[in-house]
Amino acid sequence: MIDFEIPADLAAERDRVRRFVIERIVPFERDPRLTQHGPTDELRQELVELARAEQLLTVQAPVELGGRGLTHAEQAVLYEAAGWSTLGPVAMNCAAPDEGNMYLLSKIANPEQVQRFLAPVIAGHQRSVFAMTEPDGAGSDPAQLATEATFDGENFTINGRKWLITGANGAKTWIIMARLAPNPHLPEGPTLFLTEGGTPGIVIERTMNTMDRNYVAGHGVVRFENLTLPKAALLGEAGQALRYAQLRLAPARLTHCMRWLGAAERAQSIAIAHAKTRTAFGKPIGEHQGVSFLLADNEIALHQCRLTIWHACWLMDRGEKARHESSIAKAYVSEELFKVADRCVQVLGGIGISDETVVEMIFRDMRAFRLYDGPTEVHKYAIGRKILR
Ligand SMILES: Cc1cc2nc3c(=O)[nH]c(=O)nc-3n(C[C@H](O)[C@H](O)[C@H](O)COP(=O)(O)OP(=O)(O)OC[C@H]3O[C@@H](n4cnc5c(N)ncnc54)[C@H](O)[C@@H]3O)c2cc1C
């Protein structure tokens with residue numbers, strides 16, 4: 001049986017997270033350190049310290065690494081509350097890409113790598129990147145990976161170019177995907193490497209100007225120029241990167257759904273308040289059926305999205321991979337929540353596209369959600385292939 005009851009202690013923690021985000025974090029949404037390229041590292045560090053003081057930092061981490069080892073279902077409840085502000089997950093250290101990277105590293109990094117590359121990220125002291133997407137190679141189809149690593153038995157040499165790499169500027173823990181060329185020592189093919197930002201050979205060309213601004217340090221264009229790494233930089237087994245990427249993506253795409261659900265709820269609450277007070281043609285606009293239907297459609301979508309997320313979480317908490325269901329959830333939730341944000345803009349009228357309310361920022365930030373961790377069409381492509389098999 002599926003049990004929808006939220007235990008009392010989890011409900012209390014959810015309320016505490018929501019209060020923390022509203023009282024302590026929302027005021028930073030007007031901070032000039034929330035730039036076109038996302039929150040700066042200085043702002044992030046300040047927010048992280050606020051969450052640390054409340055014991056709300058990286059609560060999802062495994063118990064042995066200092067977290068509470070939350071189940072997927074528990075994450076769904078708390079991340080939704082954190083997502084009320086796009087800065088909430090940044091403060092609590094459960095925002096992308098760190099959250100997915102921490103999950104992956106906790107599954108496949110060896111003990112030395114955990115100490116050097118994962119522990120400081122869990123502690124909120126440093127950030128991480130996952131560098132896969134390429135201008136002329138990997139994107140929707142990661143098998144097109146063009147960045148190449150050669151191995152001489154002692155060292156790897158990596159060459160290639162990546163873009164849309166979230167947080168590249170300033171991150172210290174780097175997970176890099178490159179295709180290992182045929183060699184007599186290790187299996188060839190897509191492989192993950194782990195190294196420090198600032199290693200000679202990692203060249204950050206620029207930070208891209210994008211329409212979203214919720215991710216710390218924005219999205220970078222990066223070049224690997226004879227990046228030389230020791231054998232110990234291998235993350236997991238050679239040739240297994242696409243399998244590891246899937247391991248990371250199934251839960252990571254769900255946590256995006258959880259956080260954006262919280263942001264969409266915020267937009268809906270602002271639209272409802274506006275619909276009750278703004279008048280047109282002799283009554284509050286919410287009393288016009290055209291407006292109440294927009295808000296009702298939002299309520300239906302929010303409810304359906306929550307149930308879709310919870311179902312995928314339930315499967316994963318039973319030990320299932322739930323790749324199909326998390327794919328369905330990602331495709332459905334990203335499309336529906338974007339429609340919710342759009343309808344909120346409509347209810348607000350002209351101010352909907354201004355920064356008089358946070359709805360405009362949520363709308364812009366959320367647009368990218370339909371693209372990353374698999375564009376909707378790619379999920380539909382995978383779902384379609386599965387049902388036709
Ligand atoms: C805000 C943001 C942050 C990101 N952060 C990172 C990061 O940190 N690290 C990283 O490596 N990457 C990151 N990415 C990149 C992201 O993973 C890619 O954008 C995504 O995988 C799609 O690849 P692409 O942009 O190259 O699109 P393309 O592969 O060029 O695809 C373009 C479009 O083609 C369509 N399409 C593709 N395949 C199919 C198909 N089979 N059927 C039907 N339609 C199809 C889709 O509509 C798709 O949107 C980020 C992207 C964004 C927007």
# chains A, B, ... in the order shown; residues from 1 in each chain; ligands from 1

$ residues_around --residues "segment 28-45 of chain A" --least-positions-apart "6" --cutoff "10 Å" --atoms "only C-alpha atoms" --output "ChimeraX atom specification"
/A:51,85-87,90-93,124-127,166-167,169-171,207-220,355,358,361

$ closest_atom_pairs --of "chain A" --to "ligand 1" --cutoff "7 Å" --atoms "only C-alpha atoms and all ligand atoms" --output "Markdown table"
| residue | atom | partner | partner_atom_place_in_ligand_line | distance |
| --- | --- | --- | --- | --- |
| A:Pro97 | CA | ligand 1 | 8 (O) | 6.0 |
| A:Val129 | CA | ligand 1 | 8 (O) | 6.0 |
| A:Phe130 | CA | ligand 1 | 9 (N) | 4.9 |
| A:Ala131 | CA | ligand 1 | 11 (O) | 4.2 |
| A:Met132 | CA | ligand 1 | 11 (O) | 3.3 |
| A:Thr133 | CA | ligand 1 | 11 (O) | 3.8 |
| A:Glu134 | CA | ligand 1 | 26 (O) | 6.7 |
| A:Pro135 | CA | ligand 1 | 26 (O) | 6.8 |
| A:Ala138 | CA | ligand 1 | 26 (O) | 6.5 |
| A:Gly139 | CA | ligand 1 | 26 (O) | 3.4 |
| A:Ser140 | CA | ligand 1 | 29 (O) | 3.6 |
| A:Asp141 | CA | ligand 1 | 29 (O) | 6.0 |
| A:Trp163 | CA | ligand 1 | 12 (N) | 6.9 |
| A:Leu164 | CA | ligand 1 | 14 (N) | 4.7 |
| A:Ile165 | CA | ligand 1 | 8 (O) | 4.0 |
| A:Thr166 | CA | ligand 1 | 8 (O) | 3.8 |
| A:Gly167 | CA | ligand 1 | 8 (O) | 7.0 |
| A:Asp212 | CA | ligand 1 | 1 (C) | 6.8 |
| A:His219 | CA | ligand 1 | 3 (C) | 6.4 |
| A:Ala368 | CA | ligand 1 | 53 (C) | 4.7 |
| A:Phe369 | CA | ligand 1 | 1 (C) | 7.0 |
| A:Leu371 | CA | ligand 1 | 53 (C) | 5.4 |
| A:Tyr372 | CA | ligand 1 | 16 (C) | 4.2 |
| A:Asp373 | CA | ligand 1 | 17 (O) | 5.2 |
| A:Gly374 | CA | ligand 1 | 21 (O) | 5.1 |
| A:Pro375 | CA | ligand 1 | 49 (O) | 4.9 |
| A:Thr376 | CA | ligand 1 | 47 (O) | 6.8 |
| A:Glu377 | CA | ligand 1 | 44 (N) | 4.5 |
| A:Val378 | CA | ligand 1 | 40 (C) | 4.7 |
| A:Tyr381 | CA | ligand 1 | 42 (N) | 5.2 |

$ write_last_selection --atoms "N, CA and C atoms" --output "PDB file, in the first residue's frame"
ATOM      1  N   PRO A  97      24.270  22.045  -8.939  1.00  0.00           N
ATOM      2  CA  PRO A  97      24.559  20.641  -9.215  1.00  0.00           C
ATOM      3  C   PRO A  97      25.132  19.900  -8.002  1.00  0.00           C
ATOM      4  N   VAL A 129      31.261  20.668  -9.699  1.00  0.00           N
ATOM      5  CA  VAL A 129      30.651  20.712 -11.038  1.00  0.00           C
ATOM      6  C   VAL A 129      30.606  19.306 -11.623  1.00  0.00           C
ATOM      7  N   PHE A 130      29.683  19.145 -12.558  1.00  0.00           N
ATOM      8  CA  PHE A 130      29.592  17.928 -13.352  1.00  0.00           C
ATOM      9  C   PHE A 130      29.717  18.370 -14.800  1.00  0.00           C
ATOM     10  N   ALA A 131      30.871  18.083 -15.411  1.00  0.00           N
ATOM     11  CA  ALA A 131      31.159  18.629 -16.744  1.00  0.00           C
ATOM     12  C   ALA A 131      30.968  17.576 -17.821  1.00  0.00           C
ATOM     13  N   MET A 132      29.799  17.628 -18.466  1.00  0.00           N
ATOM     14  CA  MET A 132      29.493  16.644 -19.502  1.00  0.00           C
ATOM     15  C   MET A 132      29.178  17.305 -20.853  1.00  0.00           C
ATOM     16  N   THR A 133      28.303  18.309 -20.843  1.00  0.00           N
ATOM     17  CA  THR A 133      27.756  18.834 -22.107  1.00  0.00           C
ATOM     18  C   THR A 133      28.806  19.576 -22.930  1.00  0.00           C
ATOM     19  N   GLU A 134      28.725  19.377 -24.254  1.00  0.00           N
ATOM     20  CA  GLU A 134      29.732  19.946 -25.159  1.00  0.00           C
ATOM     21  C   GLU A 134      29.061  20.675 -26.318  1.00  0.00           C
ATOM     22  N   PRO A 135      29.734  21.717 -26.825  1.00  0.00           N
ATOM     23  CA  PRO A 135      29.161  22.427 -27.968  1.00  0.00           C
ATOM     24  C   PRO A 135      29.041  21.540 -29.208  1.00  0.00           C
ATOM     25  N   ALA A 138      28.627  15.782 -26.676  1.00  0.00           N
ATOM     26  CA  ALA A 138      27.580  15.320 -25.757  1.00  0.00           C
ATOM     27  C   ALA A 138      26.560  16.413 -25.460  1.00  0.00           C
ATOM     28  N   GLY A 139      25.302  16.048 -25.459  1.00  0.00           N
ATOM     29  CA  GLY A 139      24.199  16.943 -25.085  1.00  0.00           C
ATOM     30  C   GLY A 139      23.050  16.028 -24.735  1.00  0.00           C
ATOM     31  N   SER A 140      21.947  16.136 -25.480  1.00  0.00           N
ATOM     32  CA  SER A 140      20.854  15.172 -25.279  1.00  0.00           C
ATOM     33  C   SER A 140      21.366  13.755 -25.434  1.00  0.00           C
ATOM     34  N   ASP A 141      22.323  13.595 -26.326  1.00  0.00           N
ATOM     35  CA  ASP A 141      22.900  12.269 -26.567  1.00  0.00           C
ATOM     36  C   ASP A 141      24.334  12.227 -26.010  1.00  0.00           C
ATOM     37  N   TRP A 163      30.364  23.188 -22.364  1.00  0.00           N
ATOM     38  CA  TRP A 163      29.641  24.420 -22.019  1.00  0.00           C
ATOM     39  C   TRP A 163      28.409  24.101 -21.197  1.00  0.00           C
ATOM     40  N   LEU A 164      27.769  25.171 -20.713  1.00  0.00           N
ATOM     41  CA  LEU A 164      26.607  25.041 -19.812  1.00  0.00           C
ATOM     42  C   LEU A 164      27.001  24.346 -18.504  1.00  0.00           C
ATOM     43  N   ILE A 165      28.250  24.492 -18.102  1.00  0.00           N
ATOM     44  CA  ILE A 165      28.744  23.805 -16.908  1.00  0.00           C
ATOM     45  C   ILE A 165      28.452  24.673 -15.680  1.00  0.00           C
ATOM     46  N   THR A 166      27.407  24.267 -14.967  1.00  0.00           N
ATOM     47  CA  THR A 166      26.908  25.073 -13.852  1.00  0.00           C
ATOM     48  C   THR A 166      27.947  25.180 -12.738  1.00  0.00           C
ATOM     49  N   GLY A 167      28.185  26.409 -12.336  1.00  0.00           N
ATOM     50  CA  GLY A 167      29.060  26.663 -11.193  1.00  0.00           C
ATOM     51  C   GLY A 167      30.542  26.551 -11.479  1.00  0.00           C
ATOM     52  N   ASP A 212      18.350  32.435 -16.749  1.00  0.00           N
ATOM     53  CA  ASP A 212      18.129  32.046 -15.353  1.00  0.00           C
ATOM     54  C   ASP A 212      19.237  32.652 -14.481  1.00  0.00           C
ATOM     55  N   HIS A 219      26.703  29.543 -15.503  1.00  0.00           N
ATOM     56  CA  HIS A 219      27.065  28.385 -16.329  1.00  0.00           C
ATOM     57  C   HIS A 219      28.278  28.735 -17.189  1.00  0.00           C
ATOM     58  N   ALA A 368      14.473  26.941 -17.813  1.00  0.00           N
ATOM     59  CA  ALA A 368      15.597  26.036 -18.103  1.00  0.00           C
ATOM     60  C   ALA A 368      15.322  24.606 -17.641  1.00  0.00           C
ATOM     61  N   PHE A 369      14.419  24.465 -16.659  1.00  0.00           N
ATOM     62  CA  PHE A 369      14.103  23.150 -16.086  1.00  0.00           C
ATOM     63  C   PHE A 369      13.578  22.186 -17.167  1.00  0.00           C
ATOM     64  N   LEU A 371      14.800  21.857 -19.950  1.00  0.00           N
ATOM     65  CA  LEU A 371      15.939  21.464 -20.795  1.00  0.00           C
ATOM     66  C   LEU A 371      16.959  20.588 -20.071  1.00  0.00           C
ATOM     67  N   TYR A 372      17.345  21.029 -18.856  1.00  0.00           N
ATOM     68  CA  TYR A 372      18.444  20.276 -18.231  1.00  0.00           C
ATOM     69  C   TYR A 372      17.962  18.969 -17.614  1.00  0.00           C
ATOM     70  N   ASP A 373      18.921  18.099 -17.345  1.00  0.00           N
ATOM     71  CA  ASP A 373      18.638  16.727 -16.902  1.00  0.00           C
ATOM     72  C   ASP A 373      17.664  16.043 -17.853  1.00  0.00           C
ATOM     73  N   GLY A 374      17.853  16.314 -19.127  1.00  0.00           N
ATOM     74  CA  GLY A 374      17.051  15.707 -20.192  1.00  0.00           C
ATOM     75  C   GLY A 374      15.928  16.612 -20.630  1.00  0.00           C
ATOM     76  N   PRO A 375      15.998  17.153 -21.870  1.00  0.00           N
ATOM     77  CA  PRO A 375      14.861  17.935 -22.371  1.00  0.00           C
ATOM     78  C   PRO A 375      13.607  17.049 -22.441  1.00  0.00           C
ATOM     79  N   THR A 376      12.445  17.669 -22.349  1.00  0.00           N
ATOM     80  CA  THR A 376      11.181  16.915 -22.340  1.00  0.00           C
ATOM     81  C   THR A 376      11.113  15.916 -23.492  1.00  0.00           C
ATOM     82  N   GLU A 377      11.545  16.348 -24.674  1.00  0.00           N
ATOM     83  CA  GLU A 377      11.426  15.486 -25.857  1.00  0.00           C
ATOM     84  C   GLU A 377      12.298  14.238 -25.707  1.00  0.00           C
ATOM     85  N   VAL A 378      13.431  14.391 -25.047  1.00  0.00           N
ATOM     86  CA  VAL A 378      14.326  13.242 -24.889  1.00  0.00           C
ATOM     87  C   VAL A 378      13.715  12.237 -23.898  1.00  0.00           C
ATOM     88  N   TYR A 381      11.086  10.518 -25.783  1.00  0.00           N
ATOM     89  CA  TYR A 381      11.750   9.573 -26.694  1.00  0.00           C
ATOM     90  C   TYR A 381      12.063   8.273 -25.947  1.00  0.00           C
TER      91      TYR A 381
END

$ residues_around --residues "Ile204 of chain A" --least-positions-apart "6" --cutoff "9 Å" --atoms "only C-alpha atoms" --output "MDAnalysis selection string"
chainID A and resid 168:169 220:224

$ select_by_dssp --residues "segment 6-131 of chain A" --states "strand (DSSP E)" --output "list in words"
Leu34, Thr35, Gly38, Pro39, Ser128, Val129, Phe130 and Ala131 of chain A

$ closest_residue --among "A:His256, A:Arg343, A:Ile108, A:Gly319" --to "Gly290 of chain A" --atoms "only C-alpha atoms"
A:Arg343

$ atom_distance --atom1 "atom CA of Ile383 of chain A" --atom2 "atom CA of Ile328 of chain A"
7.3 Å

$ atom_distance --atom1 "atom CA of Arg253 of chain A" --atom2 "atom CA of Trp314 of chain A"
15.0 Å

$ atom_distance --atom1 "atom CA of Arg367 of chain A" --atom2 "atom CA of Gly262 of chain A"
15.1 Å

$ select_by_dssp --residues "segment 164-244 of chain A" --states "helix (DSSP H, G or I)" --output "list in words"
Lys231, Ala232, Ala233, Ala241, Leu242, Arg243 and Tyr244 of chain A

$ residues_around --residues "segment 187-197 of chain A" --least-positions-apart "6" --cutoff "10 Å" --atoms "only C-alpha atoms" --output "PyMOL selection string"
chain A and resi 105+109+113+116-117+127-132+142-151+156+158+168-181+203-204+229-245

$ residues_around --residues "segment 58-70 of chain A" --least-positions-apart "3" --cutoff "12 Å" --atoms "only C-alpha atoms" --output "number ranges by chain"
A: 10, 13, 17, 48-49, 51-52, 54-55, 73-79, 82, 88-95, 98-107, 111, 114-115, 118-125, 255, 313, 317

$ closest_residue --among "A:Phe363, A:Ile2, A:Leu247, A:Glu205" --to "Lys321 of chain A" --atoms "only C-alpha atoms"
A:Leu247

$ residues_around --residues "Ile272 of chain A" --least-positions-apart "4" --cutoff "12 Å" --atoms "only C-alpha atoms" --output "list in words"
Glu265, Arg266, Ala267, Gln268, Lys276, Thr277, Arg278, Pro284, Ile285, Gly286, Glu287, Val291, Ser292, Phe293, Leu294, Leu295, Ala296, Asn298, Glu299, Arg343, Cys344, Val345, Gln346, Val347 and Leu348 of chain A

$ closest_residue --among "A:Gly201, A:Gly160, A:Pro251, A:Gly153" --to "Leu186 of chain A" --atoms "only C-alpha atoms"
A:Gly153

$ residues_around --residues "Met316 of chain A" --least-positions-apart "5" --cutoff "10 Å" --atoms "only C-alpha atoms" --output "list of chain:residue names"
A:Thr71, A:His72, A:Ala73, A:Ala250, A:Pro251, A:Trp310, A:His311, A:Lys321, A:Ala322, A:Arg323, A:Glu325, A:Ser326

$ write_last_selection --atoms "all heavy atoms" --output "mmCIF file, in the first residue's frame"
data_model
loop_
_atom_site.group_PDB
_atom_site.id
_atom_site.type_symbol
_atom_site.label_atom_id
_atom_site.label_comp_id
_atom_site.auth_asym_id
_atom_site.auth_seq_id
_atom_site.Cartn_x
_atom_site.Cartn_y
_atom_site.Cartn_z
ATOM 1 N N THR A 71 15.318 9.679 3.268
ATOM 2 C CA THR A 71 14.779 8.880 2.156
ATOM 3 C C THR A 71 14.390 9.848 1.037
ATOM 4 O O THR A 71 14.314 11.068 1.243
ATOM 5 C CB THR A 71 13.519 8.116 2.593
ATOM 6 O OG1 THR A 71 12.514 9.093 2.938
ATOM 7 C CG2 THR A 71 13.790 7.212 3.790
ATOM 8 N N HIS A 72 14.113 9.291 -0.151
ATOM 9 C CA HIS A 72 13.680 10.148 -1.261
ATOM 10 C C HIS A 72 12.355 10.849 -0.907
ATOM 11 O O HIS A 72 12.161 12.022 -1.223
ATOM 12 C CB HIS A 72 13.527 9.329 -2.540
ATOM 13 C CG HIS A 72 14.836 8.758 -3.020
ATOM 14 N ND1 HIS A 72 15.803 9.523 -3.626
ATOM 15 C CD2 HIS A 72 15.343 7.502 -2.946
ATOM 16 C CE1 HIS A 72 16.845 8.758 -3.924
ATOM 17 N NE2 HIS A 72 16.594 7.534 -3.517
ATOM 18 N N ALA A 73 11.459 10.112 -0.265
ATOM 19 C CA ALA A 73 10.156 10.697 0.089
ATOM 20 C C ALA A 73 10.333 11.841 1.100
ATOM 21 O O ALA A 73 9.660 12.881 1.010
ATOM 22 C CB ALA A 73 9.236 9.623 0.659
ATOM 23 N N ALA A 250 18.754 9.873 -12.212
ATOM 24 C CA ALA A 250 17.399 9.462 -11.808
ATOM 25 C C ALA A 250 16.957 10.211 -10.548
ATOM 26 O O ALA A 250 15.900 10.857 -10.553
ATOM 27 C CB ALA A 250 17.310 7.957 -11.646
ATOM 28 N N PRO A 251 17.737 10.196 -9.448
ATOM 29 C CA PRO A 251 17.302 10.994 -8.294
ATOM 30 C C PRO A 251 17.461 12.494 -8.514
ATOM 31 O O PRO A 251 16.632 13.280 -8.061
ATOM 32 C CB PRO A 251 18.203 10.521 -7.155
ATOM 33 C CG PRO A 251 19.314 9.766 -7.776
ATOM 34 C CD PRO A 251 18.916 9.360 -9.153
ATOM 35 N N TRP A 310 5.979 12.002 -5.577
ATOM 36 C CA TRP A 310 5.912 11.084 -4.428
ATOM 37 C C TRP A 310 5.902 9.625 -4.897
ATOM 38 O O TRP A 310 6.494 8.759 -4.258
ATOM 39 C CB TRP A 310 4.671 11.381 -3.577
ATOM 40 C CG TRP A 310 4.824 12.586 -2.697
ATOM 41 C CD1 TRP A 310 5.877 13.460 -2.688
ATOM 42 C CD2 TRP A 310 3.924 13.046 -1.697
ATOM 43 N NE1 TRP A 310 5.675 14.444 -1.755
ATOM 44 C CE2 TRP A 310 4.477 14.222 -1.133
ATOM 45 C CE3 TRP A 310 2.687 12.604 -1.237
ATOM 46 C CZ2 TRP A 310 3.851 14.937 -0.120
ATOM 47 C CZ3 TRP A 310 2.053 13.320 -0.230
ATOM 48 C CH2 TRP A 310 2.635 14.476 0.323
ATOM 49 N N HIS A 311 5.221 9.370 -6.000
ATOM 50 C CA HIS A 311 5.167 7.984 -6.469
ATOM 51 C C HIS A 311 6.564 7.503 -6.875
ATOM 52 O O HIS A 311 6.983 6.391 -6.508
ATOM 53 C CB HIS A 311 4.191 7.834 -7.646
ATOM 54 C CG HIS A 311 4.173 6.447 -8.207
ATOM 55 N ND1 HIS A 311 4.665 6.149 -9.452
ATOM 56 C CD2 HIS A 311 3.778 5.267 -7.656
ATOM 57 C CE1 HIS A 311 4.561 4.830 -9.656
ATOM 58 N NE2 HIS A 311 4.018 4.281 -8.586
ATOM 59 N N LYS A 321 15.035 1.210 -9.304
ATOM 60 C CA LYS A 321 15.739 2.298 -9.983
ATOM 61 C C LYS A 321 14.751 3.377 -10.438
ATOM 62 O O LYS A 321 15.069 4.549 -10.485
ATOM 63 C CB LYS A 321 16.497 1.753 -11.193
ATOM 64 C CG LYS A 321 17.716 0.933 -10.809
ATOM 65 C CD LYS A 321 18.666 0.832 -11.997
ATOM 66 C CE LYS A 321 19.860 -0.033 -11.635
ATOM 67 N NZ LYS A 321 19.824 -1.354 -12.246
ATOM 68 N N ALA A 322 13.554 2.962 -10.814
ATOM 69 C CA ALA A 322 12.470 3.879 -11.206
ATOM 70 C C ALA A 322 12.896 4.848 -12.311
ATOM 71 O O ALA A 322 12.460 5.991 -12.328
ATOM 72 C CB ALA A 322 11.937 4.634 -9.980
ATOM 73 N N ARG A 323 13.720 4.373 -13.225
ATOM 74 C CA ARG A 323 14.182 5.259 -14.299
ATOM 75 C C ARG A 323 13.019 5.736 -15.155
ATOM 76 O O ARG A 323 12.938 6.903 -15.522
ATOM 77 C CB ARG A 323 15.181 4.515 -15.185
ATOM 78 C CG ARG A 323 16.594 4.668 -14.698
ATOM 79 C CD ARG A 323 17.567 3.946 -15.578
ATOM 80 N NE ARG A 323 17.635 4.484 -16.929
ATOM 81 C CZ ARG A 323 18.481 4.047 -17.851
ATOM 82 N NH1 ARG A 323 19.312 3.078 -17.570
ATOM 83 N NH2 ARG A 323 18.499 4.579 -19.044
ATOM 84 N N GLU A 325 9.795 5.892 -14.307
ATOM 85 C CA GLU A 325 8.881 6.783 -13.565
ATOM 86 C C GLU A 325 9.525 8.141 -13.291
ATOM 87 O O GLU A 325 8.847 9.162 -13.294
ATOM 88 C CB GLU A 325 8.453 6.127 -12.247
ATOM 89 C CG GLU A 325 7.516 4.944 -12.399
ATOM 90 C CD GLU A 325 8.223 3.671 -12.851
ATOM 91 O OE1 GLU A 325 9.474 3.659 -12.891
ATOM 92 O OE2 GLU A 325 7.523 2.696 -13.171
ATOM 93 N N SER A 326 10.840 8.155 -13.044
ATOM 94 C CA SER A 326 11.466 9.468 -12.795
ATOM 95 C C SER A 326 11.553 10.249 -14.107
ATOM 96 O O SER A 326 11.481 11.472 -14.121
ATOM 97 C CB SER A 326 12.836 9.325 -12.124
ATOM 98 O OG SER A 326 13.824 8.968 -13.044
#
